[in-house]
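Asks: File follows, upload14.txt with compact mmCIF, C-alpha atoms and all ligand atoms:
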```
# COMPACT_ATOMS: atom_id res chain seq x y z
CA MET A 93 30.25 3.15 28.40
CA LYS A 94 28.48 1.20 25.63
CA ALA A 95 24.92 -0.05 25.15
CA GLY A 96 23.23 -2.03 22.41
CA ALA A 97 19.59 -2.12 21.33
CA SER A 98 17.47 -3.73 18.67
CA ALA A 99 13.96 -3.13 17.34
CA PRO A 100 11.76 -4.89 14.78
CA GLY A 101 10.44 -3.78 11.41
CA LYS A 102 6.72 -3.62 10.84
CA VAL A 103 4.09 -4.25 8.27
CA ILE A 104 0.84 -2.30 8.14
CA LEU A 105 -1.96 -4.85 7.78
CA PHE A 106 -4.93 -2.45 7.71
CA GLY A 107 -5.57 1.29 7.86
CA GLU A 108 -2.57 2.98 6.19
CA HIS A 109 -3.42 6.53 5.07
CA PHE A 110 -6.76 6.41 6.91
CA VAL A 111 -4.71 6.52 10.14
CA VAL A 112 -3.51 10.02 9.20
CA LYS A 113 -7.10 11.23 9.68
CA GLY A 114 -7.74 9.48 12.98
CA ILE A 115 -8.97 6.06 11.81
CA PRO A 116 -7.32 3.17 13.70
CA ALA A 117 -4.64 1.15 11.87
CA LEU A 118 -3.40 -2.37 12.60
CA ALA A 119 0.32 -2.98 12.24
CA MET A 120 2.38 -6.02 13.12
CA ALA A 121 6.04 -6.26 14.16
CA VAL A 122 7.94 -8.66 11.89
CA ASN A 123 10.82 -11.07 12.41
CA LEU A 124 13.48 -8.74 10.95
CA ARG A 125 15.38 -6.45 13.30
CA ALA A 126 17.63 -3.38 13.23
CA GLU A 127 20.48 -3.05 15.75
CA ALA A 128 22.43 -0.13 17.17
CA LEU A 129 25.58 -0.16 19.28
CA VAL A 130 26.17 3.21 20.95
CA GLU A 131 29.45 4.12 22.66
CA GLU A 132 29.46 7.32 24.64
CA ASP A 133 32.38 9.77 24.53
CA GLN A 134 32.77 13.42 25.51
CA LYS A 135 34.05 14.77 22.20
CA GLY A 136 30.97 16.72 21.13
CA CYS A 137 30.52 14.80 17.85
CA TYR A 138 28.10 12.01 16.98
CA ARG A 139 29.40 9.58 14.36
CA VAL A 140 27.23 6.98 12.67
CA GLU A 141 28.44 4.08 10.60
CA SER A 142 26.76 1.13 8.95
CA SER A 143 27.69 -1.09 6.02
CA VAL A 144 25.70 1.25 3.73
CA GLU A 145 26.03 4.75 5.14
CA LYS A 146 28.12 7.11 7.26
CA GLY A 147 27.34 10.46 8.83
CA GLU A 148 28.43 12.89 11.49
CA LEU A 149 26.86 15.69 13.49
CA CYS A 150 29.05 18.04 15.53
CA GLY A 151 28.33 20.77 18.07
CA ASP A 152 25.06 22.58 17.59
CA ASP A 153 24.54 21.84 13.91
CA PRO A 154 20.91 22.65 13.20
CA ARG A 155 18.47 20.10 11.83
CA PRO A 156 20.04 16.96 10.40
CA GLU A 157 19.58 15.56 6.89
CA PRO A 158 17.60 12.33 6.40
CA GLY A 159 19.98 9.36 6.64
CA ALA A 160 22.86 8.69 9.01
CA GLN A 161 22.80 12.24 10.41
CA ALA A 162 19.24 11.76 11.63
CA TYR A 163 20.38 8.88 13.84
CA ALA A 164 23.30 10.97 15.13
CA TYR A 165 20.81 13.68 16.05
CA LEU A 166 18.91 11.21 18.25
CA ALA A 167 22.01 10.47 20.35
CA ARG A 168 22.47 14.20 20.87
CA ARG A 169 18.80 14.73 21.74
CA ALA A 170 19.01 11.86 24.27
CA GLY A 171 21.62 13.96 26.12
CA LEU A 172 24.89 12.22 25.24
CA LYS A 173 27.93 14.52 25.03
CA GLY A 174 29.34 12.65 22.04
CA ALA A 175 29.03 9.13 20.65
CA SER A 176 30.00 6.64 18.02
CA ILE A 177 27.09 4.63 16.73
CA ALA A 178 27.36 1.38 14.75
CA LEU A 179 24.25 0.23 12.89
CA SER A 180 23.25 -3.02 11.29
CA SER A 181 19.90 -4.21 9.99
CA ARG A 182 18.17 -7.16 8.39
CA ILE A 183 15.23 -4.97 7.33
CA PRO A 184 15.43 -4.14 3.63
CA PRO A 185 15.12 -0.35 3.23
CA GLY A 186 12.46 1.13 0.96
CA ALA A 187 10.19 -1.92 1.09
CA GLY A 188 7.61 -0.47 3.50
CA LEU A 189 8.97 -2.48 6.42
CA GLY A 190 9.76 0.52 8.63
CA SER A 191 13.55 0.19 8.53
CA SER A 192 14.24 3.82 9.50
CA ALA A 193 11.74 3.67 12.39
CA ALA A 194 13.30 0.47 13.75
CA THR A 195 16.81 1.94 13.49
CA SER A 196 15.67 5.19 15.14
CA ALA A 197 14.07 3.20 17.98
CA ALA A 198 17.26 1.17 18.49
CA VAL A 199 19.53 4.26 18.53
CA ALA A 200 17.13 6.08 20.85
CA GLY A 201 16.87 3.05 23.18
CA ALA A 202 20.63 2.52 23.52
CA SER A 203 21.31 6.27 23.93
CA LEU A 204 18.64 6.68 26.60
CA PHE A 205 20.04 3.69 28.48
CA LEU A 206 23.41 5.46 28.60
CA VAL A 207 21.83 8.55 30.18
CA GLY A 208 20.24 6.42 32.87
CA ARG A 209 16.72 5.68 31.65
CA ARG A 210 15.28 2.23 32.34
CA GLY A 211 12.09 0.19 31.93
CA ARG A 212 8.81 1.78 30.89
CA GLU A 213 10.23 5.31 31.08
CA LEU A 214 12.97 4.35 28.62
CA LYS A 215 10.45 2.83 26.20
CA GLU A 216 8.12 5.84 26.26
CA GLU A 217 10.98 8.30 25.77
CA ALA A 218 12.46 6.13 23.01
CA ARG A 219 9.12 6.24 21.20
CA GLN A 220 9.00 10.04 21.40
CA LEU A 221 12.61 10.40 20.33
CA ALA A 222 12.30 7.93 17.45
CA MET A 223 9.32 9.99 16.26
CA GLU A 224 11.69 12.95 15.96
CA GLY A 225 13.92 10.78 13.76
CA GLU A 226 10.94 9.81 11.61
CA ARG A 227 10.01 13.49 11.20
CA VAL A 228 13.42 14.07 9.63
CA PHE A 229 12.76 11.21 7.19
CA HIS A 230 9.06 11.60 6.43
CA GLY A 231 7.81 15.04 7.43
CA LYS A 232 4.68 14.31 9.49
CA PRO A 233 4.48 10.59 10.22
CA SER A 234 1.48 9.19 12.10
CA GLY A 235 3.80 7.35 14.50
CA VAL A 236 2.53 3.85 13.75
CA ASP A 237 5.99 2.61 12.64
CA VAL A 238 7.88 3.72 15.74
CA THR A 239 5.13 2.52 18.07
CA VAL A 240 5.34 -1.00 16.62
CA ALA A 241 9.17 -0.86 16.68
CA VAL A 242 9.09 -0.06 20.42
CA GLU A 243 6.17 -2.28 21.49
CA GLY A 244 6.42 -5.30 19.13
CA GLY A 245 3.45 -7.65 18.57
CA LEU A 246 0.26 -6.41 16.95
CA VAL A 247 -0.63 -2.78 17.57
CA ALA A 248 -3.94 -1.00 17.07
CA TYR A 249 -2.85 2.61 16.60
CA ARG A 250 -4.97 5.72 16.50
CA LEU A 251 -3.97 9.38 16.36
CA PRO A 252 -3.28 11.53 18.37
CA THR A 253 -1.40 8.84 20.32
CA ASP A 254 -3.78 6.26 21.53
CA TYR A 255 -2.65 2.71 20.98
CA ARG A 256 -3.30 -0.81 22.24
CA VAL A 257 -0.88 -3.71 22.11
CA LEU A 258 -2.90 -6.78 21.10
CA PRO A 259 -1.98 -10.45 21.30
CA PRO A 260 0.06 -11.50 18.23
CA PRO A 261 -2.22 -12.21 15.26
CA ARG A 262 -3.22 -15.84 14.78
CA LEU A 263 -2.09 -16.88 11.34
CA GLU A 264 -1.80 -20.65 11.90
CA GLY A 265 -2.14 -22.52 8.62
CA GLY A 266 -1.43 -19.37 6.66
CA VAL A 267 1.64 -17.55 5.42
CA LEU A 268 1.95 -13.79 5.11
CA LEU A 269 4.12 -12.83 2.14
CA LEU A 270 5.60 -9.46 1.34
CA ALA A 271 6.31 -8.89 -2.35
CA ASP A 272 8.40 -5.84 -3.21
CA THR A 273 7.50 -4.24 -6.56
CA GLY A 274 10.90 -2.49 -6.64
CA VAL A 275 9.12 0.76 -7.55
CA PRO A 276 10.56 3.57 -5.39
CA ARG A 277 8.05 5.52 -3.36
CA SER A 278 7.75 8.67 -1.32
CA THR A 279 5.52 8.37 1.73
CA ARG A 280 5.39 12.15 1.97
CA GLU A 281 4.12 12.54 -1.60
CA ALA A 282 1.59 9.71 -1.36
CA VAL A 283 0.14 11.19 1.84
CA MET A 284 -0.17 14.60 0.18
CA ARG A 285 -1.96 13.17 -2.83
CA VAL A 286 -4.48 11.33 -0.68
CA LEU A 287 -5.20 14.43 1.40
CA GLU A 288 -5.71 16.49 -1.75
CA ARG A 289 -8.26 14.01 -3.11
CA LEU A 290 -9.99 13.97 0.26
CA GLU A 291 -10.43 17.75 0.06
CA ARG A 292 -11.48 17.74 -3.59
CA ARG A 293 -14.06 14.96 -3.25
CA LYS A 294 -15.04 15.38 0.35
CA PRO A 295 -18.59 13.92 0.52
CA VAL A 296 -17.72 10.71 -1.31
CA MET A 297 -14.28 10.31 0.30
CA GLU A 298 -15.77 10.64 3.76
CA THR A 299 -17.83 7.52 3.16
CA VAL A 300 -14.66 5.69 2.08
CA TYR A 301 -13.02 6.74 5.38
CA GLU A 302 -16.05 5.51 7.29
CA ALA A 303 -15.79 2.14 5.54
CA ALA A 304 -12.09 1.99 6.47
CA SER A 305 -12.97 2.48 10.11
CA VAL A 306 -15.45 -0.42 10.11
CA LEU A 307 -12.95 -2.51 8.17
CA THR A 308 -10.20 -2.13 10.80
CA ARG A 309 -12.63 -3.14 13.53
CA GLU A 310 -13.66 -6.30 11.67
CA ALA A 311 -10.05 -7.07 10.80
CA GLU A 312 -8.98 -6.92 14.45
CA LYS A 313 -11.64 -9.50 15.27
CA ALA A 314 -10.65 -11.77 12.38
CA LEU A 315 -6.92 -11.54 13.26
CA THR A 316 -7.39 -12.31 16.94
CA GLU A 317 -9.78 -15.19 16.19
CA GLY A 318 -7.44 -16.62 13.54
CA ASP A 319 -10.15 -16.56 10.86
CA LEU A 320 -7.82 -16.62 7.85
CA ALA A 321 -10.54 -16.57 5.20
CA ALA A 322 -12.05 -13.44 6.76
CA VAL A 323 -8.65 -11.74 7.06
CA GLY A 324 -7.98 -12.45 3.37
CA GLU A 325 -11.34 -11.14 2.24
CA LEU A 326 -10.92 -8.00 4.34
CA MET A 327 -7.48 -7.47 2.76
CA ASP A 328 -9.13 -7.53 -0.68
CA ILE A 329 -11.70 -4.98 0.47
CA ALA A 330 -8.91 -2.82 1.96
CA GLN A 331 -7.16 -2.88 -1.42
CA GLY A 332 -10.36 -1.56 -3.00
CA LEU A 333 -10.38 1.34 -0.54
CA LEU A 334 -6.68 2.08 -1.12
CA SER A 335 -7.37 2.11 -4.83
CA SER A 336 -10.21 4.58 -4.37
CA ILE A 337 -8.03 7.00 -2.40
CA GLY A 338 -5.52 6.90 -5.27
CA VAL A 339 -2.46 4.99 -4.01
CA SER A 340 -2.65 1.81 -6.06
CA PHE A 341 -0.27 1.47 -9.02
CA PRO A 342 0.08 -0.89 -11.98
CA GLN A 343 2.95 -3.07 -10.71
CA ALA A 344 1.12 -3.67 -7.40
CA GLU A 345 -2.14 -4.44 -9.20
CA ALA A 346 -0.33 -6.99 -11.38
CA LEU A 347 1.11 -8.80 -8.33
CA ILE A 348 -2.18 -8.67 -6.42
CA HIS A 349 -4.17 -10.13 -9.31
CA GLU A 350 -1.58 -12.81 -9.93
CA ALA A 351 -1.63 -13.83 -6.25
CA ARG A 352 -5.42 -14.05 -6.24
CA ARG A 353 -5.44 -16.01 -9.50
CA ARG A 354 -3.05 -18.53 -7.88
CA GLY A 355 -5.40 -19.03 -4.95
CA ALA A 356 -4.22 -16.50 -2.32
CA LEU A 357 -6.78 -15.69 0.39
CA GLY A 358 -6.27 -11.95 -0.06
CA ALA A 359 -3.76 -9.30 -1.13
CA LYS A 360 -3.26 -5.57 -0.80
CA ILE A 361 -0.72 -2.76 -0.89
CA THR A 362 1.03 -2.14 2.43
CA GLY A 363 2.26 1.28 3.55
CA ALA A 364 2.15 4.45 1.53
CA GLY A 365 1.64 2.94 -1.94
CA LEU A 366 2.42 4.47 -5.36
CA GLY A 367 5.51 2.26 -5.05
CA GLY A 368 6.78 -0.20 -2.44
CA SER A 369 5.30 -3.55 -1.52
CA VAL A 370 2.16 -5.66 -1.43
CA ILE A 371 1.22 -8.23 1.20
CA VAL A 372 -0.42 -11.53 0.37
CA LEU A 373 -2.10 -14.01 2.71
CA VAL A 374 -1.99 -17.57 1.46
CA GLU A 375 -2.63 -21.03 2.87
CA GLU A 376 0.60 -22.77 3.77
CA ASP A 377 0.44 -25.46 1.08
CA ARG A 378 -0.19 -22.87 -1.67
CA ALA A 379 2.63 -20.56 -0.52
CA PRO A 380 5.45 -21.94 -2.75
CA VAL A 381 3.30 -21.66 -5.89
CA VAL A 382 2.28 -18.09 -5.06
CA GLU A 383 5.86 -17.10 -4.17
CA GLN A 384 7.12 -18.36 -7.54
CA ALA A 385 4.26 -16.69 -9.40
CA LEU A 386 4.99 -13.32 -7.74
CA LEU A 387 8.66 -13.51 -8.70
CA ALA A 388 7.74 -14.48 -12.26
CA LYS A 389 5.38 -11.49 -12.41
CA GLY A 390 8.20 -9.07 -11.56
CA ALA A 391 8.49 -8.88 -7.74
CA VAL A 392 12.11 -7.99 -6.91
CA ARG A 393 11.89 -9.99 -3.68
CA VAL A 394 9.36 -12.04 -1.78
CA LEU A 395 9.71 -12.48 1.99
CA ARG A 396 7.78 -14.65 4.43
CA LEU A 397 6.84 -12.49 7.39
CA SER A 398 6.14 -13.84 10.85
CA PRO A 399 4.86 -11.94 13.86
CA GLU A 400 7.57 -10.72 16.26
CA PRO A 401 6.46 -10.43 19.87
CA ARG A 402 9.53 -8.47 21.05
CA GLY A 403 9.68 -4.72 20.55
CA LEU A 404 12.64 -2.57 21.63
CA VAL A 405 15.24 -4.64 23.52
CA VAL A 406 18.11 -2.83 25.23
CA GLU A 407 21.29 -4.44 26.55
CA GLY A 408 23.85 -2.68 28.66
CA PRO A 409 26.26 -1.70 29.93
CA LEU A 410 28.44 -3.63 27.47
O1 LIG B 1 5.27 3.88 3.81
P1 LIG B 1 5.21 3.39 5.20
O2 LIG B 1 5.20 1.91 5.30
O3 LIG B 1 6.17 4.06 6.11
O4 LIG B 1 3.77 3.74 5.75
C1 LIG B 1 3.18 4.96 5.61
C2 LIG B 1 1.86 4.88 6.28
C3 LIG B 1 0.97 6.10 6.09
O5 LIG B 1 -0.23 5.83 6.80
C4 LIG B 1 0.65 6.30 4.62
C5 LIG B 1 1.62 7.36 6.62
C6 LIG B 1 1.77 7.38 8.14
O6 LIG B 1 2.54 8.24 8.60
O7 LIG B 1 1.11 6.61 8.83
```
Take the structure in the file and write it out as structure tokens.
Replies:
Amino acid sequence: MKAGASAPGKVILFGEHFVVKGIPALAMAVNLRAEALVEEDQKGCYRVESSVEKGELCGDDPRPEPGAQAYAYLARRAGLKGASIALSSRIPPGAGLGSSAATSAAVAGASLFLVGRRGRELKEEARQLAMEGERVFHGKPSGVDVTVAVEGGLVAYRLPTDYRVLPPPRLEGGVLLLADTGVPRSTREAVMRVLERLERRKPVMETVYEAASVLTREAEKALTEGDLAAVGELMDIAQGLLSSIGVSFPQAEALIHEARRRGALGAKITGAGLGGSVIVLVEEDRAPVVEQALLAKGAVRVLRLSPEPRGLVVEGPL
């Protein structure tokens, strides 16, 4: 039997890093999806293939390597006796858009369908299982990426695992851009650096964390009310906080300042930082000018992101 599933990428709007220490984060599913087609067999091996990678896990191999093997591992953990898994994705990897989380959610969703899970139970188990995939990739992820991949929409996420699915953010009249600096990043390393600074400079850093908590609250209000000017200003403040915890970097700063100079409403790093992408909020009529300016300033790609209401979608049997 075969099943297919797809799940969206995400962008963290507010609260990255602070979420690791229990502050709520706001993340939005975006209109780029990853897909998995899983065909069950009884051969004891789990083969993964996409246009960019291949991998296999057989028998009781211990922990998988990050990459294709991690997805194979999810099919085994779901309880399949063997499978071939075909992957495809429109989410660019390494840009902070949660491509591995979306792929893990899709593989988990299709595999769980094949072992008989349905509805809410399937979604909850897919979230747990996709978290296991993310642990292979990132060590100790907060879970915000997989939660958005499974639920879609706008998610307010808080550790341990308390989250609310909010109505999609109201961005009418505005455009949310993602500009990729092309600088490679390691989420694991960035998280470690932030936690080290937190320990070293505890009294002052604690006030930064408190500010981040108030900021997320205000941002939720601004996003649900569609107050674009407020969202933009709060993004600028968030960038200041990210800079003070040590995850800003020159290429991001250059893009952020250029966007502001060209009239953007606000701009900040998204995700782990020290590499990766920035997000920019801009009024619709200014968007083409800002897009061009970001490319001229060295962005390797600029994407227009729109909110995606659908989370994990499973289709089967095929
Ligand atoms: O680099 P990304 O987009 O996967 O986001 C990492 C977000 C952090 O808050 C820094 C880490 C986490 O696990 O939430």
Asks: Could you work out how far CA of Lys360 in chain A lies from CA of Leu373 in chain A, giving the answer in Å with one decimal?
Replies: 9.2 Å
Asks: Tell me, as a CSV table (one decimal) with C-alpha atoms, keeping the file's coordinate frame, which residues lie within 12 Å of Leu410 in chain A, counting only C-alpha atoms; anything in the same chain fewer than 5 positions away does not count.
Replies:
```csv
chain,number,residue,atom,x,y,z
A,93,MET,CA,30.2,3.2,28.4
A,94,LYS,CA,28.5,1.2,25.6
A,95,ALA,CA,24.9,0.0,25.2
A,96,GLY,CA,23.2,-2.0,22.4
A,97,ALA,CA,19.6,-2.1,21.3
A,129,LEU,CA,25.6,-0.2,19.3
A,130,VAL,CA,26.2,3.2,21.0
A,131,GLU,CA,29.4,4.1,22.7
A,132,GLU,CA,29.5,7.3,24.6
A,202,ALA,CA,20.6,2.5,23.5
A,205,PHE,CA,20.0,3.7,28.5
A,206,LEU,CA,23.4,5.5,28.6
```
Asks: Just how far from CA of Thr239 in chain A is CA of Gly151 in chain A, in Å to one decimal?
Replies: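 Distance between the two atoms: 29.5 Å.
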Asks: Residues near Leu221 in chain A, anyone? I mean within 8 Å using only C-alpha atoms, not counting same-chain ones fewer than 2 positions away, as an MDAnalysis selection string.
Replies: chainID A and resid 166 169:170 196:197 200 217:219 223:225
Asks: Just C-alpha atoms for this one: save the residues we selected as an mmCIF file, in the frame of the given file.
Replies:
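The resulting out23.cif:
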```cif
data_model
loop_
_atom_site.group_PDB
_atom_site.id
_atom_site.type_symbol
_atom_site.label_atom_id
_atom_site.label_comp_id
_atom_site.auth_asym_id
_atom_site.auth_seq_id
_atom_site.Cartn_x
_atom_site.Cartn_y
_atom_site.Cartn_z
ATOM 1 C CA LEU A 166 18.910 11.210 18.250
ATOM 2 C CA ARG A 169 18.800 14.730 21.740
ATOM 3 C CA ALA A 170 19.010 11.860 24.270
ATOM 4 C CA SER A 196 15.670 5.190 15.140
ATOM 5 C CA ALA A 197 14.070 3.200 17.980
ATOM 6 C CA ALA A 200 17.130 6.080 20.850
ATOM 7 C CA GLU A 217 10.980 8.300 25.770
ATOM 8 C CA ALA A 218 12.460 6.130 23.010
ATOM 9 C CA ARG A 219 9.120 6.240 21.200
ATOM 10 C CA MET A 223 9.320 9.990 16.260
ATOM 11 C CA GLU A 224 11.690 12.950 15.960
ATOM 12 C CA GLY A 225 13.920 10.780 13.760
#
```
Asks: Within 8 Å of (-5.2, -17.7, 3.9), in the coordinates the file gives, what residues turn up when you count all atoms listed in the file, written out as a ChimeraX atom specification?
Replies: /A:265-267,320-321,323-324,356-358,373-376
Asks: A:Ala359, A:Ala314, A:Ile371, A:Ala303: which is nearest Phe110 in chain A, counting only C-alpha atoms?
Replies: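 Using only C-alpha atoms, the shortest distance to Phe110 in chain A belongs to A:Ala303.
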Asks: Box in all listed atoms of ligand LIG 1 (chain B), axis-aligned, with 5 Å more on each side; write out centre and edge lengths in Å to one decimal as lines of an AutoDock Vina configuration file.
Replies:
```
center_x = 3.0
center_y = 5.1
center_z = 6.3
size_x = 16.4
size_y = 16.3
size_z = 15.0
```
Asks: Show me which residues line ligand LIG 1 (chain B), defined as having an atom within 8 Å of a ligand atom where only C-alpha atoms and all ligand atoms count, and present them as a ChimeraX atom specification.
Replies: /A:102-104,107-112,187-190,230,232-237,277-280,282-283,362-365,368
Asks: Can you write out the residues you just picked, keeping C-alpha atoms, as a compact mmCIF listing (two decimals), in the frame of the given file?
Replies:
```
# COMPACT_ATOMS: atom_id res chain seq x y z
CA LYS A 102 6.72 -3.62 10.84
CA VAL A 103 4.09 -4.25 8.27
CA ILE A 104 0.84 -2.30 8.14
CA GLY A 107 -5.57 1.29 7.86
CA GLU A 108 -2.57 2.98 6.19
CA HIS A 109 -3.42 6.53 5.07
CA PHE A 110 -6.76 6.41 6.91
CA VAL A 111 -4.71 6.52 10.14
CA VAL A 112 -3.51 10.02 9.20
CA ALA A 187 10.19 -1.92 1.09
CA GLY A 188 7.61 -0.47 3.50
CA LEU A 189 8.97 -2.48 6.42
CA GLY A 190 9.76 0.52 8.63
CA HIS A 230 9.06 11.60 6.43
CA LYS A 232 4.68 14.31 9.49
CA PRO A 233 4.48 10.59 10.22
CA SER A 234 1.48 9.19 12.10
CA GLY A 235 3.80 7.35 14.50
CA VAL A 236 2.53 3.85 13.75
CA ASP A 237 5.99 2.61 12.64
CA ARG A 277 8.05 5.52 -3.36
CA SER A 278 7.75 8.67 -1.32
CA THR A 279 5.52 8.37 1.73
CA ARG A 280 5.39 12.15 1.97
CA ALA A 282 1.59 9.71 -1.36
CA VAL A 283 0.14 11.19 1.84
CA THR A 362 1.03 -2.14 2.43
CA GLY A 363 2.26 1.28 3.55
CA ALA A 364 2.15 4.45 1.53
CA GLY A 365 1.64 2.94 -1.94
CA GLY A 368 6.78 -0.20 -2.44
```
Asks: Can range 107-124 of chain A be brought up to N, CA, C and O atoms and written out as a tab-separated table (two decimals), keeping the file's coordinate frame?
Replies:
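part_37.tsv, freshly written:
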```tsv
chain	number	residue	atom	x	y	z
A	107	GLY	N	-5.36	-0.08	7.38
A	107	GLY	CA	-5.57	1.29	7.86
A	107	GLY	C	-4.53	2.32	7.46
A	107	GLY	O	-4.61	3.47	7.91
A	108	GLU	N	-3.52	1.95	6.63
A	108	GLU	CA	-2.57	2.98	6.19
A	108	GLU	C	-3.33	4.10	5.49
A	108	GLU	O	-4.38	3.86	4.88
A	109	HIS	N	-2.81	5.28	5.58
A	109	HIS	CA	-3.42	6.53	5.07
A	109	HIS	C	-4.63	6.96	5.90
A	109	HIS	O	-4.70	8.11	6.32
A	110	PHE	N	-5.57	6.03	6.13
A	110	PHE	CA	-6.76	6.41	6.91
A	110	PHE	C	-6.33	6.83	8.32
A	110	PHE	O	-6.93	7.69	8.94
A	111	VAL	N	-5.22	6.23	8.79
A	111	VAL	CA	-4.71	6.52	10.14
A	111	VAL	C	-4.34	8.00	10.27
A	111	VAL	O	-4.44	8.59	11.35
A	112	VAL	N	-3.92	8.61	9.17
A	112	VAL	CA	-3.51	10.02	9.20
A	112	VAL	C	-4.68	10.91	9.61
A	112	VAL	O	-4.51	11.97	10.20
A	113	LYS	N	-5.90	10.46	9.33
A	113	LYS	CA	-7.10	11.23	9.68
A	113	LYS	C	-7.85	10.65	10.88
A	113	LYS	O	-9.07	10.81	11.02
A	114	GLY	N	-7.14	9.91	11.71
A	114	GLY	CA	-7.74	9.48	12.98
A	114	GLY	C	-8.46	8.14	12.96
A	114	GLY	O	-9.09	7.76	13.95
A	115	ILE	N	-8.37	7.41	11.85
A	115	ILE	CA	-8.97	6.06	11.81
A	115	ILE	C	-7.92	5.08	12.35
A	115	ILE	O	-6.74	5.23	12.03
A	116	PRO	N	-8.32	4.10	13.16
A	116	PRO	CA	-7.32	3.17	13.70
A	116	PRO	C	-6.66	2.33	12.60
A	116	PRO	O	-7.31	1.96	11.63
A	117	ALA	N	-5.37	2.05	12.78
A	117	ALA	CA	-4.64	1.15	11.87
A	117	ALA	C	-4.15	-0.05	12.67
A	117	ALA	O	-3.96	0.04	13.88
A	118	LEU	N	-3.96	-1.17	11.96
A	118	LEU	CA	-3.40	-2.37	12.60
A	118	LEU	C	-2.06	-2.67	11.96
A	118	LEU	O	-1.98	-2.86	10.75
A	119	ALA	N	-1.02	-2.71	12.77
A	119	ALA	CA	0.32	-2.98	12.24
A	119	ALA	C	0.98	-4.05	13.10
A	119	ALA	O	0.76	-4.12	14.32
A	120	MET	N	1.78	-4.88	12.45
A	120	MET	CA	2.38	-6.02	13.12
A	120	MET	C	3.91	-5.93	13.05
A	120	MET	O	4.46	-5.62	11.99
A	121	ALA	N	4.57	-6.19	14.18
A	121	ALA	CA	6.04	-6.26	14.16
A	121	ALA	C	6.43	-7.55	13.44
A	121	ALA	O	5.76	-8.57	13.58
A	122	VAL	N	7.51	-7.49	12.66
A	122	VAL	CA	7.94	-8.66	11.89
A	122	VAL	C	9.32	-9.15	12.34
A	122	VAL	O	10.07	-8.42	12.99
A	123	ASN	N	9.62	-10.37	11.94
A	123	ASN	CA	10.82	-11.07	12.41
A	123	ASN	C	12.11	-10.60	11.71
A	123	ASN	O	12.94	-11.42	11.34
A	124	LEU	N	12.25	-9.32	11.50
A	124	LEU	CA	13.48	-8.74	10.95
A	124	LEU	C	13.81	-7.55	11.83
A	124	LEU	O	12.94	-6.72	12.08
```
